[in-house]
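J.: File name run.cif; file contents mmCIF, C-alpha atoms; full text below.
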```cif
data_run
loop_
_atom_site.label_atom_id
_atom_site.label_comp_id
_atom_site.auth_asym_id
_atom_site.auth_seq_id
_atom_site.Cartn_x
_atom_site.Cartn_y
_atom_site.Cartn_z
CA MET A 1 -7.17 22.21 13.24
CA THR A 2 -6.84 25.49 11.39
CA GLY A 3 -8.81 26.29 8.26
CA TYR A 4 -5.56 26.23 6.32
CA MET A 5 -4.82 22.66 7.43
CA LEU A 6 -8.32 21.57 6.48
CA PHE A 7 -7.81 23.17 3.07
CA VAL A 8 -4.54 21.28 2.62
CA PHE A 9 -6.10 17.94 3.62
CA VAL A 10 -9.06 18.45 1.29
CA ALA A 11 -6.68 19.28 -1.55
CA VAL A 12 -4.49 16.22 -0.83
CA GLY A 13 -7.63 14.08 -0.54
CA VAL A 14 -9.06 15.31 -3.85
CA VAL A 15 -5.77 14.73 -5.69
CA THR A 16 -5.38 11.27 -4.14
CA TYR A 17 -8.93 10.35 -5.09
CA ALA A 18 -8.40 11.60 -8.65
CA LEU A 19 -5.35 9.32 -8.99
CA ARG A 20 -7.28 6.35 -7.61
CA ALA A 21 -10.30 7.01 -9.84
CA SER A 22 -8.26 7.77 -12.97
CA PHE A 23 -8.73 4.49 -14.81
CA LEU A 24 -11.42 2.94 -12.63
CA VAL A 25 -13.92 5.74 -13.26
CA ALA A 26 -12.70 8.19 -15.87
CA ILE A 27 -10.96 5.93 -18.39
CA ALA A 28 -12.89 2.69 -18.07
CA GLY A 29 -12.43 1.79 -21.73
CA GLY A 30 -10.75 -1.37 -22.93
CA THR A 31 -7.04 -1.89 -22.46
CA SER A 32 -4.74 -2.95 -25.27
CA PRO A 33 -2.67 -6.17 -24.99
CA ARG A 34 0.41 -3.95 -25.06
CA LEU A 35 -0.76 -1.92 -22.04
CA GLU A 36 -1.78 -5.12 -20.26
CA ARG A 37 1.73 -6.46 -20.68
CA TYR A 38 2.95 -3.48 -18.65
CA LEU A 39 0.15 -3.60 -16.10
CA ARG A 40 0.96 -7.25 -15.33
CA TYR A 41 4.22 -6.09 -13.74
CA VAL A 42 2.72 -3.43 -11.45
CA PRO A 43 2.40 -5.65 -8.34
CA CYS A 44 5.81 -7.32 -8.60
CA ALA A 45 7.56 -3.96 -9.15
CA VAL A 46 5.67 -1.64 -6.79
CA LEU A 47 5.28 -3.92 -3.75
CA PRO A 48 8.99 -4.81 -3.41
CA ALA A 49 9.83 -1.11 -3.92
CA LEU A 50 7.41 -0.21 -1.11
CA THR A 51 9.02 -2.88 1.08
CA ILE A 52 12.44 -1.26 0.66
CA VAL A 53 11.04 2.23 1.37
CA ALA A 54 9.25 1.02 4.51
CA MET A 55 12.34 -0.89 5.67
CA ARG A 56 14.39 2.25 5.22
CA SER A 57 11.95 4.37 7.27
CA SER A 58 11.89 1.71 9.99
CA VAL A 59 15.68 2.02 10.28
CA ALA A 60 15.63 5.82 9.91
CA ALA A 61 13.18 6.02 12.83
CA GLY A 62 15.95 4.69 15.06
CA GLY A 63 15.70 0.96 14.47
CA ASP A 64 18.81 -1.22 14.53
CA PRO A 65 19.47 -2.19 10.87
CA ILE A 66 21.13 -5.62 11.23
CA PRO A 67 18.40 -7.42 13.26
CA ARG A 68 15.78 -5.91 10.92
CA LEU A 69 17.69 -7.13 7.87
CA ILE A 70 17.90 -10.67 9.28
CA ALA A 71 14.24 -10.69 10.34
CA GLY A 72 13.27 -9.26 6.95
CA CYS A 73 15.15 -11.96 5.03
CA LEU A 74 13.65 -14.76 7.14
CA GLY A 75 10.23 -13.14 6.77
CA GLY A 76 10.82 -13.16 3.01
CA VAL A 77 11.55 -16.90 3.08
CA VAL A 78 8.36 -17.53 5.07
CA ALA A 79 6.38 -15.35 2.64
CA TRP A 80 7.85 -17.30 -0.27
CA LYS A 81 7.08 -20.71 1.24
CA THR A 82 3.67 -20.05 2.81
CA ARG A 83 2.32 -17.10 0.75
CA SER A 84 0.51 -16.21 3.96
CA PRO A 85 0.63 -12.59 5.19
CA ALA A 86 -0.23 -13.69 8.73
CA TRP A 87 2.63 -16.18 8.98
CA THR A 88 5.04 -13.76 7.31
CA MET A 89 4.33 -10.99 9.81
CA LEU A 90 4.29 -13.31 12.82
CA ALA A 91 7.58 -14.94 11.81
CA GLY A 92 9.26 -11.63 11.03
CA MET A 93 8.23 -10.02 14.32
CA ALA A 94 9.13 -13.17 16.29
CA VAL A 95 12.63 -13.26 14.78
CA LEU A 96 13.15 -9.55 15.42
CA TRP A 97 11.97 -9.84 19.03
CA ALA A 98 14.20 -12.89 19.55
CA ILE A 99 17.29 -11.08 18.25
CA LEU A 100 16.54 -7.86 20.15
CA GLY A 101 15.76 -9.88 23.30
CA VAL A 102 18.94 -11.93 23.14
CA ARG A 103 21.03 -8.83 22.59
CA GLY A 104 19.46 -6.74 25.08
CA MET B 1 -20.73 -18.76 -3.43
CA THR B 2 -22.86 -15.65 -3.04
CA ARG B 3 -21.75 -12.06 -3.43
CA THR B 4 -21.67 -11.73 0.36
CA GLY B 5 -19.49 -14.83 0.49
CA HIS B 6 -16.96 -13.22 -1.86
CA PHE B 7 -17.03 -10.04 0.22
CA TRP B 8 -16.06 -12.05 3.32
CA LEU B 9 -13.43 -13.96 1.36
CA GLY B 10 -11.76 -10.64 0.58
CA ALA B 11 -12.24 -9.36 4.12
CA ARG B 12 -10.66 -12.45 5.65
CA GLY B 13 -7.62 -12.10 3.40
CA ALA B 14 -7.26 -8.45 4.35
CA LEU B 15 -7.32 -8.91 8.13
CA PRO B 16 -3.63 -9.74 8.70
CA LEU B 17 -2.57 -6.91 6.39
CA ALA B 18 -4.88 -4.51 8.22
CA ALA B 19 -3.27 -5.60 11.50
CA GLY B 20 0.11 -4.78 9.97
CA ALA B 21 -1.08 -1.25 9.22
CA VAL B 22 -1.90 -0.51 12.88
CA PRO B 23 1.59 0.74 13.84
CA PHE B 24 1.59 2.99 10.76
CA GLY B 25 -1.78 4.44 11.76
CA LEU B 26 -0.55 5.04 15.32
CA VAL B 27 2.47 6.94 14.01
CA VAL B 28 0.27 9.07 11.71
CA GLY B 29 -2.14 9.87 14.56
CA ALA B 30 0.68 10.76 16.96
CA THR B 31 2.40 12.88 14.31
CA ALA B 32 -0.86 14.74 13.62
CA VAL B 33 -1.10 15.72 17.29
CA SER B 34 2.55 16.78 17.38
CA VAL B 35 1.88 19.12 14.44
CA GLY B 36 -1.01 20.73 16.35
CA LEU B 37 -4.08 18.82 15.20
CA ASP B 38 -6.68 17.59 17.66
CA THR B 39 -8.16 14.08 17.56
CA PHE B 40 -11.00 15.24 15.33
CA GLY B 41 -8.53 16.82 12.91
CA ALA B 42 -6.41 13.66 12.76
CA SER B 43 -9.53 11.63 12.11
CA ALA B 44 -10.79 14.04 9.45
CA MET B 45 -7.45 13.80 7.65
CA SER B 46 -7.60 9.99 7.65
CA VAL B 47 -11.13 10.02 6.23
CA LEU B 48 -10.33 12.64 3.59
CA VAL B 49 -7.01 11.23 2.41
CA PHE B 50 -6.89 7.56 3.53
CA ALA B 51 -3.29 7.08 2.36
CA GLY B 52 -0.65 6.65 5.07
CA ALA B 53 2.56 7.73 3.39
CA ALA B 54 0.93 10.81 1.85
CA GLN B 55 -0.63 11.76 5.21
CA LEU B 56 2.70 11.42 7.00
CA SER B 57 4.55 13.52 4.41
CA ALA B 58 1.80 16.18 4.45
CA LEU B 59 2.10 16.46 8.24
CA GLU B 60 5.89 16.71 8.18
CA LEU B 61 5.70 19.38 5.44
CA LEU B 62 3.08 21.32 7.44
CA ARG B 63 5.47 21.25 10.38
CA ALA B 64 8.20 22.62 8.10
CA ASP B 65 5.85 25.41 6.88
CA ALA B 66 6.08 24.21 3.28
CA PRO B 67 3.73 25.91 0.79
CA ALA B 68 0.44 24.11 0.11
CA VAL B 69 1.46 23.53 -3.52
CA VAL B 70 4.52 21.58 -2.41
CA ILE B 71 2.47 19.52 0.07
CA VAL B 72 -0.12 18.58 -2.56
CA ALA B 73 2.50 17.88 -5.24
CA THR B 74 4.46 15.64 -2.87
CA ALA B 75 1.32 13.66 -2.00
CA ALA B 76 0.58 13.32 -5.72
CA VAL B 77 4.03 11.85 -6.42
CA ILE B 78 3.79 9.47 -3.45
CA ASN B 79 0.35 8.30 -4.61
CA LEU B 80 1.14 8.18 -8.32
CA ARG B 81 1.32 4.39 -8.03
CA MET B 82 -2.46 4.48 -7.49
CA VAL B 83 -2.82 5.30 -11.20
CA MET B 84 -1.05 2.02 -11.98
CA TYR B 85 -3.31 0.17 -9.56
CA SER B 86 -6.38 1.85 -11.03
CA ALA B 87 -5.36 0.87 -14.56
CA ALA B 88 -4.57 -2.72 -13.59
CA LEU B 89 -7.89 -3.14 -11.76
CA ALA B 90 -10.13 -1.38 -14.31
CA PRO B 91 -10.46 -4.33 -16.74
CA HIS B 92 -11.47 -6.61 -13.84
CA LEU B 93 -14.13 -4.28 -12.44
CA ARG B 94 -15.55 -3.15 -15.78
CA ALA B 95 -18.75 -5.15 -15.21
CA SER B 96 -19.69 -3.01 -12.20
CA SER B 97 -21.58 0.28 -12.42
CA ARG B 98 -19.74 3.58 -12.68
CA ARG B 99 -21.03 4.57 -9.25
CA ALA B 100 -19.72 1.36 -7.69
CA ARG B 101 -16.34 1.93 -9.34
CA GLY B 102 -16.36 5.51 -8.05
CA LEU B 103 -16.85 4.27 -4.49
CA ALA B 104 -14.32 1.46 -4.96
CA ALA B 105 -11.72 4.02 -6.06
CA TYR B 106 -11.93 5.72 -2.64
CA VAL B 107 -10.90 2.54 -0.81
CA LEU B 108 -8.18 1.52 -3.29
CA THR B 109 -4.97 0.86 -1.34
CA ASP B 110 -1.75 -1.10 -1.75
CA GLN B 111 -3.30 -3.88 0.30
CA SER B 112 -6.66 -4.21 -1.45
CA PHE B 113 -4.94 -3.95 -4.83
CA ALA B 114 -2.34 -6.61 -4.00
CA LEU B 115 -4.92 -9.03 -2.59
CA SER B 116 -7.33 -8.55 -5.47
CA VAL B 117 -4.96 -8.88 -8.45
CA LEU B 118 -3.37 -11.92 -6.84
CA ARG B 119 -6.80 -13.51 -6.47
CA TYR B 120 -7.98 -12.44 -9.94
CA GLY B 121 -4.93 -14.20 -11.39
CA GLU B 122 -6.16 -17.54 -10.11
CA PRO B 123 -8.41 -19.66 -12.31
CA ASP B 124 -11.68 -18.85 -10.60
CA GLY B 125 -14.45 -18.03 -13.03
CA GLU B 126 -17.17 -17.65 -10.42
CA LEU B 127 -15.56 -14.90 -8.37
CA HIS B 128 -17.58 -11.70 -7.96
CA LYS B 129 -14.61 -9.40 -8.41
CA MET B 130 -16.15 -6.18 -7.07
CA ALA B 131 -17.46 -7.91 -3.94
CA PHE B 132 -14.03 -9.43 -3.31
CA PHE B 133 -12.33 -6.05 -3.83
CA VAL B 134 -14.68 -4.20 -1.46
CA GLY B 135 -14.26 -6.99 1.10
CA ALA B 136 -10.48 -6.68 0.79
CA SER B 137 -10.74 -2.90 1.29
CA VAL B 138 -13.14 -2.39 4.18
CA PRO B 139 -11.05 -3.94 7.02
CA LEU B 140 -8.13 -1.68 6.19
CA TRP B 141 -10.36 1.41 6.13
CA LEU B 142 -11.82 0.60 9.54
CA VAL B 143 -8.46 -0.27 11.08
CA TRP B 144 -6.87 2.83 9.59
CA GLN B 145 -9.50 5.17 11.04
CA ALA B 146 -9.36 3.48 14.45
CA SER B 147 -5.57 3.39 14.65
CA THR B 148 -5.08 7.06 13.68
CA VAL B 149 -7.58 8.06 16.40
CA ALA B 150 -5.75 5.79 18.87
CA GLY B 151 -2.42 7.32 17.84
CA ALA B 152 -3.84 10.81 18.34
CA LEU B 153 -5.16 9.87 21.79
CA VAL B 154 -2.21 7.95 23.25
CA GLY B 155 0.52 9.63 21.19
CA SER B 156 3.70 7.67 20.73
CA GLU B 157 3.31 5.97 24.11
CA VAL B 158 3.79 2.56 22.48
CA PRO B 159 7.01 1.19 23.99
CA PRO B 160 9.69 1.57 21.29
CA GLY B 161 11.32 -1.67 22.54
CA LEU B 162 8.47 -3.61 20.89
CA ALA B 163 9.73 -2.39 17.49
CA LEU B 164 6.15 -2.49 16.20
CA ASP B 165 7.11 -0.18 13.34
CA PHE B 166 8.78 -3.20 11.74
CA ALA B 167 5.31 -4.65 11.04
CA VAL B 168 4.97 -2.12 8.22
CA PRO B 169 7.82 -3.37 5.98
CA LEU B 170 6.77 -6.95 6.84
CA MET B 171 3.25 -6.15 5.64
CA PHE B 172 4.58 -4.98 2.26
CA LEU B 173 6.94 -7.96 2.10
CA ALA B 174 4.01 -10.31 2.70
CA MET B 175 2.25 -8.77 -0.30
CA ALA B 176 5.34 -8.59 -2.52
CA MET B 177 6.58 -12.19 -2.39
CA PRO B 178 3.43 -13.92 -3.68
CA ALA B 179 3.37 -11.44 -6.60
CA ILE B 180 6.67 -12.76 -7.95
CA ARG B 181 5.62 -15.86 -9.83
CA THR B 182 7.50 -15.77 -13.12
CA ARG B 183 11.03 -15.04 -14.33
CA HIS B 184 9.84 -11.74 -15.81
CA ALA B 185 8.23 -10.81 -12.49
CA ALA B 186 11.56 -11.50 -10.78
CA VAL B 187 13.27 -9.18 -13.27
CA ALA B 188 10.68 -6.46 -12.55
CA CYS B 189 11.23 -6.91 -8.80
CA ALA B 190 15.03 -6.84 -9.05
CA VAL B 191 15.09 -3.69 -11.18
CA ALA B 192 12.55 -1.89 -8.96
CA VAL B 193 14.49 -2.75 -5.80
CA GLY B 194 17.81 -1.76 -7.42
CA VAL B 195 16.49 1.64 -8.50
CA VAL B 196 14.88 2.32 -5.12
CA LEU B 197 18.13 1.45 -3.33
CA VAL B 198 20.05 3.87 -5.54
CA ALA B 199 17.43 6.64 -5.84
CA GLY B 200 15.57 6.03 -2.58
CA SER B 201 16.87 9.15 -0.91
CA ALA B 202 15.56 11.35 -3.73
CA PRO B 203 13.21 14.01 -2.32
CA TYR B 204 9.40 13.96 -2.31
CA GLY B 205 9.10 10.19 -2.66
CA LEU B 206 10.46 10.31 -6.20
CA GLY B 207 12.65 7.25 -5.59
CA LEU B 208 9.61 5.03 -5.09
CA ILE B 209 7.84 6.01 -8.28
CA LEU B 210 11.10 5.89 -10.28
CA GLY B 211 11.80 2.38 -9.01
CA ALA B 212 8.23 1.25 -9.62
CA ALA B 213 8.19 2.59 -13.18
CA ALA B 214 11.60 1.10 -13.99
CA GLY B 215 10.48 -2.28 -12.64
CA VAL B 216 7.26 -2.30 -14.64
CA VAL B 217 9.10 -1.46 -17.87
CA ALA B 218 11.80 -4.06 -17.15
CA GLY B 219 9.18 -6.78 -16.61
CA ALA B 220 7.32 -5.90 -19.79
CA VAL B 221 10.52 -5.73 -21.85
CA SER B 222 11.67 -9.06 -20.44
CA GLU B 223 8.36 -10.64 -21.42
CA GLY B 224 8.44 -8.98 -24.85
CA ARG B 225 11.85 -10.43 -25.58
CA ALA B 226 10.82 -13.93 -24.57
CA THR B 227 7.88 -14.02 -26.98
#
```
Let me see the structure of the file written as structure tokens.

T.:
Amino acid sequence: MTGYMLFVFVAVGVVTYALRASFLVAIAGGTSPRLERYLRYVPCAVLPALTIVAMRSSVAAGGDPIPRLIAGCLGGVVAWKTRSPAWTMLAGMAVLWAILGVRG
Amino acid sequence: MTRTGHFWLGARGALPLAAGAVPFGLVVGATAVSVGLDTFGASAMSVLVFAGAAQLSALELLRADAPAVVIVATAAVINLRMVMYSAALAPHLRASSRRARGLAAYVLTDQSFALSVLRYGEPDGELHKMAFFVGASVPLWLVWQASTVAGALVGSEVPPGLALDFAVPLMFLAMAMPAIRTRHAAVACAVAVGVVLVAGSAPYGLGLILGAAAGVVAGAVSEGRAT
């Protein structure tokens, strides 16, 4: 690792920490009901957005889109019914492996 | 239940999500080596940054000889959602000391945030929120450090036929679905997904933060109209 790379990682680390600490440490004051109304929708907006981004990179990395779409949808149903991360991931991987296995 | 009990409650919930992060960590470790880092360097990066998408983008930009300013700015945009997480968690963790909150901020991730706010939303007056949060964070930290080192050591030797990379979107999906519990939450989700699908190819991870922000506003507006 060069000194330049270390410098870059320290800088990225400091900025990332500052973002994480922003409200938790620096602005720990009370929140208004108005702000809380917005904050309530952080999980249900950000997590699905992250799902799409991750799905896209999985396909961009050379994955076959159709089996992943099917496995993703079925995984979504399992997540909806069970609310269990373990079952969601097991079911999604099992479906993907089944489709890829049958096809190939 | 004791504080230790609440720590383990969080840790148990985090285990499957941490397992889902393993393929991501392997990719980051292997990418680090391909850019010219040694195992120690890959490990140092994971300890310093501890944020997968930002690490991966930083490595790819280093490979492309991008200026340091661009690398840091890109990581900032990718991790901008952490400000939202920080703000949403702050009221819950206000009872803890500033030092504890400072340490908690370091281990704040998508996973520990999602697990904690979901749990905090349940009627559960006795929960020690900081203990639960730290418990939900530690497994991911350990797994992340171990899997980046493993990725740096074995490279991308994982057979691609296993399609393990698909565990990453499944991990986010597993966190996303339980978060959608009301009509307004469904609106927020639909708008966020729509914007990401349209703007997702925007550079520097801008699509993600645009979609997230649009979804949050849509949810709040939907709720405001209903009341």

J.: Report the residues retrieved by the PyMOL selection byres ((chain A and resi 56) around 12) from the displayed file, expressed as a list of chain:residue names.

T.: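 That expression, the PyMOL selection byres ((chain A and resi 56) around 12), corresponds here to A:Ala49, A:Leu50, A:Thr51, A:Ile52, A:Val53, A:Ala54, A:Met55, A:Ser57, A:Ser58, A:Val59, A:Ala60, A:Ala61, A:Gly62, A:Gly63, A:Asp64, A:Pro65, A:Ile66, A:Arg68, A:Leu69, A:Gly72, B:Asp165, B:Phe166, B:Val168, B:Pro169, B:Val196, B:Leu197, B:Gly200, B:Ser201, B:Leu208.
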
J.: Hey, which of B:Ala202, B:Ala185, B:Ala152, B:Ile71 ends up closest to Val46 in chain A? Count all atoms listed in the file.

T.: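 Smallest distance to Val46 in chain A is found for B:Ala185.
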
J.: Applying 12 Å and all atoms listed in the file, which residues near Trp97 in chain A remain after dropping the ones on its own chain fewer than 2 positions away? List them as an NGL selection string.

T.: (:A and (64 or 67-68 or 70-71 or 90-95 or 99-104)) or (:B and (160-164 or 166-167))

J.: Given the PyMOL selection byres ((chain B) within 6 of (chain A)) and the file above, list the residues it selects as a PDB file with C-alpha atoms, keeping the file's coordinate frame.

T.:
```
ATOM      1  CA  PRO B  16      -3.630  -9.740   8.700  1.00  0.00           C
ATOM      2  CA  LEU B  37      -4.080  18.820  15.200  1.00  0.00           C
ATOM      3  CA  GLY B  41      -8.530  16.820  12.910  1.00  0.00           C
ATOM      4  CA  MET B  45      -7.450  13.800   7.650  1.00  0.00           C
ATOM      5  CA  LEU B  48     -10.330  12.640   3.590  1.00  0.00           C
ATOM      6  CA  VAL B  49      -7.010  11.230   2.410  1.00  0.00           C
ATOM      7  CA  VAL B  72      -0.120  18.580  -2.560  1.00  0.00           C
ATOM      8  CA  MET B  82      -2.460   4.480  -7.490  1.00  0.00           C
ATOM      9  CA  VAL B  83      -2.820   5.300 -11.200  1.00  0.00           C
ATOM     10  CA  SER B  86      -6.380   1.850 -11.030  1.00  0.00           C
ATOM     11  CA  ALA B  87      -5.360   0.870 -14.560  1.00  0.00           C
ATOM     12  CA  ALA B  88      -4.570  -2.720 -13.590  1.00  0.00           C
ATOM     13  CA  ALA B  90     -10.130  -1.380 -14.310  1.00  0.00           C
ATOM     14  CA  ARG B 101     -16.340   1.930  -9.340  1.00  0.00           C
ATOM     15  CA  GLY B 102     -16.360   5.510  -8.050  1.00  0.00           C
ATOM     16  CA  ALA B 105     -11.720   4.020  -6.060  1.00  0.00           C
ATOM     17  CA  PRO B 169       7.820  -3.370   5.980  1.00  0.00           C
ATOM     18  CA  LEU B 170       6.770  -6.950   6.840  1.00  0.00           C
ATOM     19  CA  PHE B 172       4.580  -4.980   2.260  1.00  0.00           C
ATOM     20  CA  LEU B 173       6.940  -7.960   2.100  1.00  0.00           C
ATOM     21  CA  ALA B 174       4.010 -10.310   2.700  1.00  0.00           C
ATOM     22  CA  ALA B 176       5.340  -8.590  -2.520  1.00  0.00           C
ATOM     23  CA  MET B 177       6.580 -12.190  -2.390  1.00  0.00           C
ATOM     24  CA  PRO B 178       3.430 -13.920  -3.680  1.00  0.00           C
ATOM     25  CA  ALA B 179       3.370 -11.440  -6.600  1.00  0.00           C
ATOM     26  CA  ILE B 180       6.670 -12.760  -7.950  1.00  0.00           C
ATOM     27  CA  ALA B 185       8.230 -10.810 -12.490  1.00  0.00           C
ATOM     28  CA  ALA B 188      10.680  -6.460 -12.550  1.00  0.00           C
ATOM     29  CA  CYS B 189      11.230  -6.910  -8.800  1.00  0.00           C
ATOM     30  CA  ALA B 192      12.550  -1.890  -8.960  1.00  0.00           C
ATOM     31  CA  VAL B 193      14.490  -2.750  -5.800  1.00  0.00           C
ATOM     32  CA  ALA B 212       8.230   1.250  -9.620  1.00  0.00           C
ATOM     33  CA  GLY B 215      10.480  -2.280 -12.640  1.00  0.00           C
ATOM     34  CA  VAL B 216       7.260  -2.300 -14.640  1.00  0.00           C
ATOM     35  CA  GLY B 219       9.180  -6.780 -16.610  1.00  0.00           C
ATOM     36  CA  ALA B 220       7.320  -5.900 -19.790  1.00  0.00           C
TER      37      ALA B 220
END
```

J.: Using CA of Asn79 in chain B and CA of Gly224 in chain B as the two end points, give the distance in Å to one decimal.

T.: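 Computing the Euclidean distance for CA of Asn79 in chain B and CA of Gly224 in chain B yields 27.8 Å.
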
J.: Apply the PyMOL selection byres ((chain B and resi 124-138) around 8) to the file shown and report the selected residues as a PyMOL selection string.

T.: chain B and resi 1+3-4+6-14+92-93+96+104+107-109+111-113+115-116+120+122-123+139-142

J.: Report, in Å to a single decimal, how far apart CA of Gly205 in chain B and CA of Val33 in chain B are.

T.: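 Rounded to one decimal, the two atoms are 23.1 Å apart.
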
J.: Looking at B:Thr227, B:Thr74, B:Ser222, B:Ser46, which one is nearest to Leu206 in chain B, with distances taken over only C-alpha atoms?

T.: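 Closest residue, counting only C-alpha atoms: B:Thr74.
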
J.: Considering only C-alpha atoms, return as a PyMOL selection string whatever protein or nucleic-acid residues lie within 8 Å of Trp144 in chain B, sequence-local ones (same chain, fewer than 4 positions apart) excluded.

T.: chain B and resi 18+21-22+25+46+50+140+148

J.: Given only C-alpha atoms as the basis, pick out the residue of B:Ser43, B:Thr182, B:Thr2, B:Ser34 nearest to Ser147 in chain B.

T.: B:Ser43

J.: Can you work out the spacing between CA of Leu59 in chain B and CA of Thr31 in chain B in Å, to one decimal?

T.: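 Answer for the CA of Leu59 in chain B to CA of Thr31 in chain B separation: 7.1 Å.
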
J.: When you get a chance, write out all heavy atoms for range 60-66 of chain B, as an mmCIF file, keeping the file's coordinate frame.

T.:
```cif
data_model
loop_
_atom_site.group_PDB
_atom_site.id
_atom_site.type_symbol
_atom_site.label_atom_id
_atom_site.label_comp_id
_atom_site.auth_asym_id
_atom_site.auth_seq_id
_atom_site.Cartn_x
_atom_site.Cartn_y
_atom_site.Cartn_z
ATOM 1 N N GLU B 60 4.505 16.253 7.985
ATOM 2 C CA GLU B 60 5.890 16.710 8.180
ATOM 3 C C GLU B 60 6.124 18.015 7.415
ATOM 4 O O GLU B 60 6.848 18.899 7.876
ATOM 5 C CB GLU B 60 6.885 15.630 7.723
ATOM 6 C CG GLU B 60 6.887 14.375 8.597
ATOM 7 C CD GLU B 60 7.202 14.663 10.074
ATOM 8 O OE1 GLU B 60 7.706 15.755 10.386
ATOM 9 O OE2 GLU B 60 6.932 13.784 10.918
ATOM 10 N N LEU B 61 5.519 18.151 6.229
ATOM 11 C CA LEU B 61 5.700 19.380 5.440
ATOM 12 C C LEU B 61 4.952 20.552 6.081
ATOM 13 O O LEU B 61 5.418 21.689 6.020
ATOM 14 C CB LEU B 61 5.249 19.159 3.996
ATOM 15 C CG LEU B 61 6.177 18.259 3.156
ATOM 16 C CD1 LEU B 61 5.533 17.886 1.833
ATOM 17 C CD2 LEU B 61 7.520 18.965 2.910
ATOM 18 N N LEU B 62 3.793 20.272 6.704
ATOM 19 C CA LEU B 62 3.080 21.320 7.440
ATOM 20 C C LEU B 62 3.947 21.831 8.592
ATOM 21 O O LEU B 62 4.029 23.025 8.849
ATOM 22 C CB LEU B 62 1.758 20.797 7.995
ATOM 23 C CG LEU B 62 0.544 20.770 7.077
ATOM 24 C CD1 LEU B 62 -0.621 20.075 7.767
ATOM 25 C CD2 LEU B 62 0.143 22.180 6.660
ATOM 26 N N ARG B 63 4.591 20.893 9.269
ATOM 27 C CA ARG B 63 5.470 21.250 10.380
ATOM 28 C C ARG B 63 6.600 22.162 9.875
ATOM 29 O O ARG B 63 7.011 23.091 10.557
ATOM 30 C CB ARG B 63 6.055 19.980 11.008
ATOM 31 C CG ARG B 63 6.691 20.206 12.374
ATOM 32 C CD ARG B 63 7.716 19.152 12.740
ATOM 33 N NE ARG B 63 7.222 17.784 12.664
ATOM 34 C CZ ARG B 63 6.481 17.186 13.608
ATOM 35 N NH1 ARG B 63 6.145 17.848 14.676
ATOM 36 N NH2 ARG B 63 6.097 15.940 13.453
ATOM 37 N N ALA B 64 7.086 21.857 8.661
ATOM 38 C CA ALA B 64 8.200 22.620 8.100
ATOM 39 C C ALA B 64 7.724 23.893 7.397
ATOM 40 O O ALA B 64 8.510 24.565 6.739
ATOM 41 C CB ALA B 64 8.990 21.738 7.126
ATOM 42 N N ASP B 65 6.415 24.208 7.501
ATOM 43 C CA ASP B 65 5.850 25.410 6.880
ATOM 44 C C ASP B 65 6.023 25.437 5.363
ATOM 45 O O ASP B 65 6.215 26.498 4.769
ATOM 46 C CB ASP B 65 6.449 26.677 7.495
ATOM 47 C CG ASP B 65 5.772 27.027 8.811
ATOM 48 O OD1 ASP B 65 4.560 26.775 8.920
ATOM 49 O OD2 ASP B 65 6.464 27.531 9.713
ATOM 50 N N ALA B 66 5.971 24.269 4.739
ATOM 51 C CA ALA B 66 6.080 24.210 3.280
ATOM 52 C C ALA B 66 4.808 24.795 2.662
ATOM 53 O O ALA B 66 3.730 24.708 3.255
ATOM 54 C CB ALA B 66 6.267 22.768 2.835
#
```
